[in-house]
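So this block is start08.cif, mmCIF, C-alpha atoms:
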data_upload
#
loop_
_atom_site.label_atom_id
_atom_site.label_comp_id
_atom_site.auth_asym_id
_atom_site.auth_seq_id
_atom_site.Cartn_x
_atom_site.Cartn_y
_atom_site.Cartn_z
CA MET S 22 -3.65 3.23 59.56
CA GLN S 23 -7.28 2.90 58.53
CA ALA S 24 -7.03 6.22 56.70
CA ASN S 25 -4.22 4.85 54.49
CA VAL S 26 -6.21 1.71 53.73
CA LEU S 27 -9.27 3.81 52.91
CA LYS S 28 -7.21 6.12 50.63
CA ARG S 29 -5.77 3.12 48.79
CA PHE S 30 -9.19 1.58 48.40
CA LEU S 31 -10.66 4.83 47.05
CA ALA S 32 -7.72 5.27 44.67
CA ALA S 33 -8.10 1.71 43.39
CA ALA S 34 -11.86 2.18 43.00
CA ALA S 35 -11.34 5.42 41.08
CA ILE S 36 -8.87 3.76 38.73
CA ALA S 37 -11.19 0.80 38.20
CA LEU S 38 -14.12 3.07 37.41
CA ALA S 39 -12.08 5.28 35.10
CA ALA S 40 -10.55 2.39 33.13
CA PRO S 41 -13.61 1.68 30.95
CA VAL S 42 -13.88 5.38 30.15
CA ALA S 43 -10.19 5.62 29.27
CA LEU S 44 -10.53 2.75 26.84
CA ALA S 45 -12.81 4.25 24.23
CA GLN S 46 -15.17 1.83 22.63
CA PHE S 47 -16.23 1.50 19.03
CA GLN S 48 -19.31 3.60 18.33
CA PRO S 49 -21.53 4.28 15.33
CA GLY S 50 -20.58 7.44 13.46
CA MET S 51 -16.91 7.37 14.46
CA THR S 52 -14.61 9.50 12.36
CA LEU S 53 -11.64 7.91 10.66
CA ASN S 54 -9.30 9.38 13.28
CA GLN S 55 -11.40 8.07 16.15
CA ALA S 56 -11.64 4.63 14.58
CA GLU S 57 -7.87 4.58 13.95
CA ALA S 58 -7.16 5.39 17.58
CA GLN S 59 -9.47 2.62 18.76
CA VAL S 60 -8.06 0.10 16.26
CA LYS S 61 -4.49 0.94 17.34
CA ALA S 62 -5.45 0.55 21.00
CA ARG S 63 -7.12 -2.81 20.39
CA LEU S 64 -4.29 -4.18 18.23
CA THR S 65 -1.69 -2.98 20.73
CA SER S 66 -3.56 -4.75 23.51
CA GLY S 67 -3.22 -8.02 21.58
CA ALA S 68 -6.58 -8.27 19.81
CA THR S 69 -6.63 -10.02 16.44
CA LEU S 70 -7.93 -8.39 13.28
CA GLN S 71 -10.97 -10.67 13.45
CA GLN S 72 -11.72 -9.60 17.03
CA VAL S 73 -11.39 -5.91 16.17
CA VAL S 74 -13.65 -6.31 13.14
CA LYS S 75 -16.32 -8.18 15.10
CA GLU S 76 -16.33 -5.58 17.89
CA ALA S 77 -16.48 -2.63 15.51
CA LEU S 78 -19.12 -4.06 13.19
CA ALA S 79 -21.22 -5.11 16.20
CA ALA S 80 -21.07 -1.47 17.29
CA ASN S 81 -22.26 -0.40 13.81
CA VAL S 82 -19.01 1.29 12.79
CA ASP S 83 -19.10 1.99 9.06
CA ALA S 84 -17.32 -0.83 7.17
CA GLY S 85 -15.46 1.59 4.91
CA VAL S 86 -14.22 3.69 7.81
CA LEU S 87 -13.17 0.56 9.69
CA THR S 88 -11.31 -0.86 6.68
CA ALA S 89 -9.41 2.39 6.18
CA ALA S 90 -8.71 2.77 9.91
CA MET S 91 -7.25 -0.72 10.15
CA ILE S 92 -4.99 -0.26 7.13
CA ASN S 93 -3.93 3.22 8.30
CA SER S 94 -3.10 1.68 11.69
CA GLY S 95 -0.50 -0.53 10.06
CA ALA S 96 -2.48 -3.76 9.72
CA ASP S 97 -1.69 -5.92 6.69
CA PRO S 98 -4.15 -4.89 3.95
CA SER S 99 -4.79 -8.46 2.76
CA GLY S 100 -5.50 -9.52 6.35
CA VAL S 101 -7.84 -6.58 6.81
CA VAL S 102 -9.75 -7.41 3.62
CA GLN S 103 -9.99 -11.07 4.65
CA ALA S 104 -11.21 -10.20 8.16
CA MET S 105 -13.74 -7.64 6.94
CA ILE S 106 -15.26 -9.87 4.26
CA GLY S 107 -15.15 -12.88 6.58
CA ALA S 108 -17.20 -10.91 9.12
CA GLY S 109 -19.82 -10.09 6.51
CA ALA S 110 -18.85 -6.56 5.47
CA PRO S 111 -20.00 -5.65 1.94
CA LEU S 112 -17.40 -6.60 -0.68
CA GLN S 113 -17.65 -3.37 -2.67
CA THR S 114 -17.34 -1.21 0.44
CA VAL S 115 -14.24 -3.09 1.61
CA VAL S 116 -12.61 -3.04 -1.83
CA ASN S 117 -13.29 0.68 -2.30
CA ALA S 118 -11.95 1.60 1.14
CA ALA S 119 -8.87 -0.62 0.88
CA LEU S 120 -7.90 0.74 -2.51
CA ALA S 121 -8.61 4.34 -1.49
CA THR S 122 -6.37 3.88 1.53
CA GLY S 123 -3.50 2.79 -0.68
CA ALA S 124 -3.71 -0.98 -0.53
CA GLY S 125 -2.54 -2.58 -3.75
CA VAL S 126 -4.87 -4.56 -5.96
CA GLU S 127 -2.80 -7.69 -5.29
CA ALA S 128 -3.28 -7.35 -1.52
CA VAL S 129 -7.02 -6.85 -1.98
CA GLN S 130 -7.17 -9.90 -4.23
CA GLN S 131 -5.20 -12.01 -1.74
CA GLY S 132 -7.47 -11.08 1.15
CA ALA S 133 -10.67 -11.53 -0.80
CA ASN S 134 -9.51 -14.89 -2.17
CA ALA S 135 -8.65 -16.05 1.35
CA ALA S 136 -12.15 -15.00 2.44
CA GLY S 137 -13.66 -17.15 -0.32
CA VAL S 138 -14.86 -14.44 -2.67
CA PRO S 139 -15.49 -15.79 -6.19
CA ALA S 140 -12.98 -14.45 -8.72
CA ASP S 141 -15.63 -12.90 -10.98
CA ALA S 142 -17.28 -11.03 -8.11
CA LEU S 143 -13.90 -9.75 -6.95
CA GLN S 144 -12.89 -8.56 -10.43
CA ALA S 145 -16.22 -6.78 -10.80
CA ALA S 146 -15.74 -5.04 -7.45
CA ILE S 147 -12.21 -3.95 -8.33
CA ALA S 148 -13.32 -2.71 -11.75
CA ALA S 149 -16.19 -0.76 -10.15
CA SER S 150 -13.93 0.87 -7.57
CA PRO S 151 -13.24 4.52 -8.36
CA THR S 152 -9.63 4.16 -7.17
CA ALA S 153 -8.62 0.82 -8.71
CA GLY S 154 -6.24 2.33 -11.25
CA VAL S 155 -4.71 4.71 -8.74
CA ALA S 156 -3.91 1.96 -6.26
CA SER S 157 -2.38 -0.43 -8.74
CA GLY S 158 -0.76 1.91 -11.18
CA ALA S 159 -2.59 0.02 -13.89
CA GLY S 160 -6.11 -0.82 -14.82
CA PRO S 161 -9.09 1.13 -15.96
CA ALA S 162 -8.20 4.46 -14.39
CA SER S 163 -4.69 4.62 -15.81
CA THR S 164 -5.23 3.11 -19.23
CA SER S 165 -8.21 5.16 -20.30
CA THR S 166 -8.00 7.81 -22.96
CA PRO S 167 -7.69 11.28 -21.48
CA THR S 168 -10.64 13.57 -21.88
CA GLY S 169 -11.31 17.23 -21.34
CA SER S 170 -8.32 19.28 -20.29
CA ALA S 171 -6.39 16.24 -19.09
CA GLY S 172 -4.41 16.01 -22.30
CA ALA S 173 -7.11 15.26 -24.79
CA GLY S 174 -6.42 16.63 -28.22
CA GLY S 175 -7.78 20.05 -28.74
CA GLY S 176 -8.75 21.73 -31.89
CA GLY S 177 -10.27 24.80 -33.19
CA GLY S 178 -13.80 25.24 -34.20
CA GLY S 179 -13.08 23.74 -37.65
CA SER S 180 -14.46 24.70 -40.99
CA THR S 181 -17.83 23.63 -42.28
CA GLY S 182 -16.46 23.06 -45.75
CA THR S 183 -17.64 26.37 -47.25
CA GLY S 184 -14.23 27.09 -48.70
CA THR S 185 -13.52 30.05 -46.47
CA SER S 186 -10.97 30.10 -43.77
CA SER S 187 -9.56 32.68 -41.50
CA THR S 188 -6.04 33.05 -40.26
CA ALA S 189 -5.10 35.02 -37.22
CA SER S 190 -2.58 37.69 -38.03
CA PRO S 191 -0.13 39.09 -35.53
CA SER S 192 -0.84 42.67 -34.51
#
Give the structure from this file in structure tokens form.
Amino acid sequence: MQANVLKRFLAAAAIALAAPVALAQFQPGMTLNQAEAQVKARLTSGATLQQVVKEALAANVDAGVLTAAMINSGADPSGVVQAMIGAGAPLQTVVNAALATGAGVEAVQQGANAAGVPADALQAAIAASPTAGVASGAGPASTSTPTGSAGAGGGGGGSTGTGTSSTASPS
């Protein structure tokens, strides 16, 4: 009888000791995949976006990685932006990561506005983001004039005005 009690106690102790290890914690230098797994685990366990952000930023997880991980995990992009900025993450980092992850400009604007970001600062951050036009389908990246081999007009090495010209002849 005592052997069964001892076995149960040891099994319970082993489970209790293994539980913190099984639940990975946020750590500095996490990859996007690692951060996504941790975000999913925390959100599934009932944590709010604000709680996840506080935990991750306190553990020095990169704000861009965390923003992308949260959006990739299915969290509402505007809520992610609001939570990240509200916790003190750098505006430009959050905007860049959200747009690069596929969040629309409108969602980024909603979240940033809810976090109290001034409109001019937000517009500057969106304009400075390398993926702003890609995420919105409009804006600086998609309305610019093509250059190089991306459809810019080509031309020959024109004449210098000396009155001579050459024409290629078929051979």
| task | Do a neighbour search on stretch 130-145 of chain S at 9 Å with all atoms listed in the file, toss out local chain neighbours closer than 3 positions, and write the hits as a PyMOL selection string. | result | chain S and resi 98-107+112-113+116+125-127+148-150
Pull C-alpha atoms from the residues just selected and write them as an mmCIF file, in the frame of the given file.
data_model
loop_
_atom_site.group_PDB
_atom_site.id
_atom_site.type_symbol
_atom_site.label_atom_id
_atom_site.label_comp_id
_atom_site.auth_asym_id
_atom_site.auth_seq_id
_atom_site.Cartn_x
_atom_site.Cartn_y
_atom_site.Cartn_z
ATOM 1 C CA PRO S 98 -4.150 -4.890 3.950
ATOM 2 C CA SER S 99 -4.790 -8.460 2.760
ATOM 3 C CA GLY S 100 -5.500 -9.520 6.350
ATOM 4 C CA VAL S 101 -7.840 -6.580 6.810
ATOM 5 C CA VAL S 102 -9.750 -7.410 3.620
ATOM 6 C CA GLN S 103 -9.990 -11.070 4.650
ATOM 7 C CA ALA S 104 -11.210 -10.200 8.160
ATOM 8 C CA MET S 105 -13.740 -7.640 6.940
ATOM 9 C CA ILE S 106 -15.260 -9.870 4.260
ATOM 10 C CA GLY S 107 -15.150 -12.880 6.580
ATOM 11 C CA LEU S 112 -17.400 -6.600 -0.680
ATOM 12 C CA GLN S 113 -17.650 -3.370 -2.670
ATOM 13 C CA VAL S 116 -12.610 -3.040 -1.830
ATOM 14 C CA GLY S 125 -2.540 -2.580 -3.750
ATOM 15 C CA VAL S 126 -4.870 -4.560 -5.960
ATOM 16 C CA GLU S 127 -2.800 -7.690 -5.290
ATOM 17 C CA ALA S 148 -13.320 -2.710 -11.750
ATOM 18 C CA ALA S 149 -16.190 -0.760 -10.150
ATOM 19 C CA SER S 150 -13.930 0.870 -7.570
#
| field | Expansion of the PyMOL selection byres ((chain S and resi 96) around 12) into residues, as a ChimeraX atom specification | value | /S:57,60-61,63-65,68-71,73-74,87-95,97-104,119,122,124,128
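Minimum atom-to-atom distances from S:Gln46, S:Ala84, S:Lys75, S:Val115 to S:Ala58 were compared using all atoms listed in the file, and the lowest value belongs to S:Gln46.
Note that atom CA of S:Pro49 and atom CA of S:Asn81 are 5.0 Å apart.
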| task | Find, counting only C-alpha atoms, the residue in S:Gln72, S:Ala146, S:Thr152, S:Ala56 that gets nearest to S:Ala121. | result | S:Thr152
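Atom CA of S:Ala110 lies 8.1 Å from atom CA of S:Leu78.
Atom CA of S:Glu76 to atom CA of S:Ile147 spans 26.6 Å [interatomic distance, one decimal].
If you measure from each of S:Val86, S:Gln48, S:Ala79, S:Pro151 to S:Asn117 using only C-alpha atoms, the closest one turns out to be S:Pro151.
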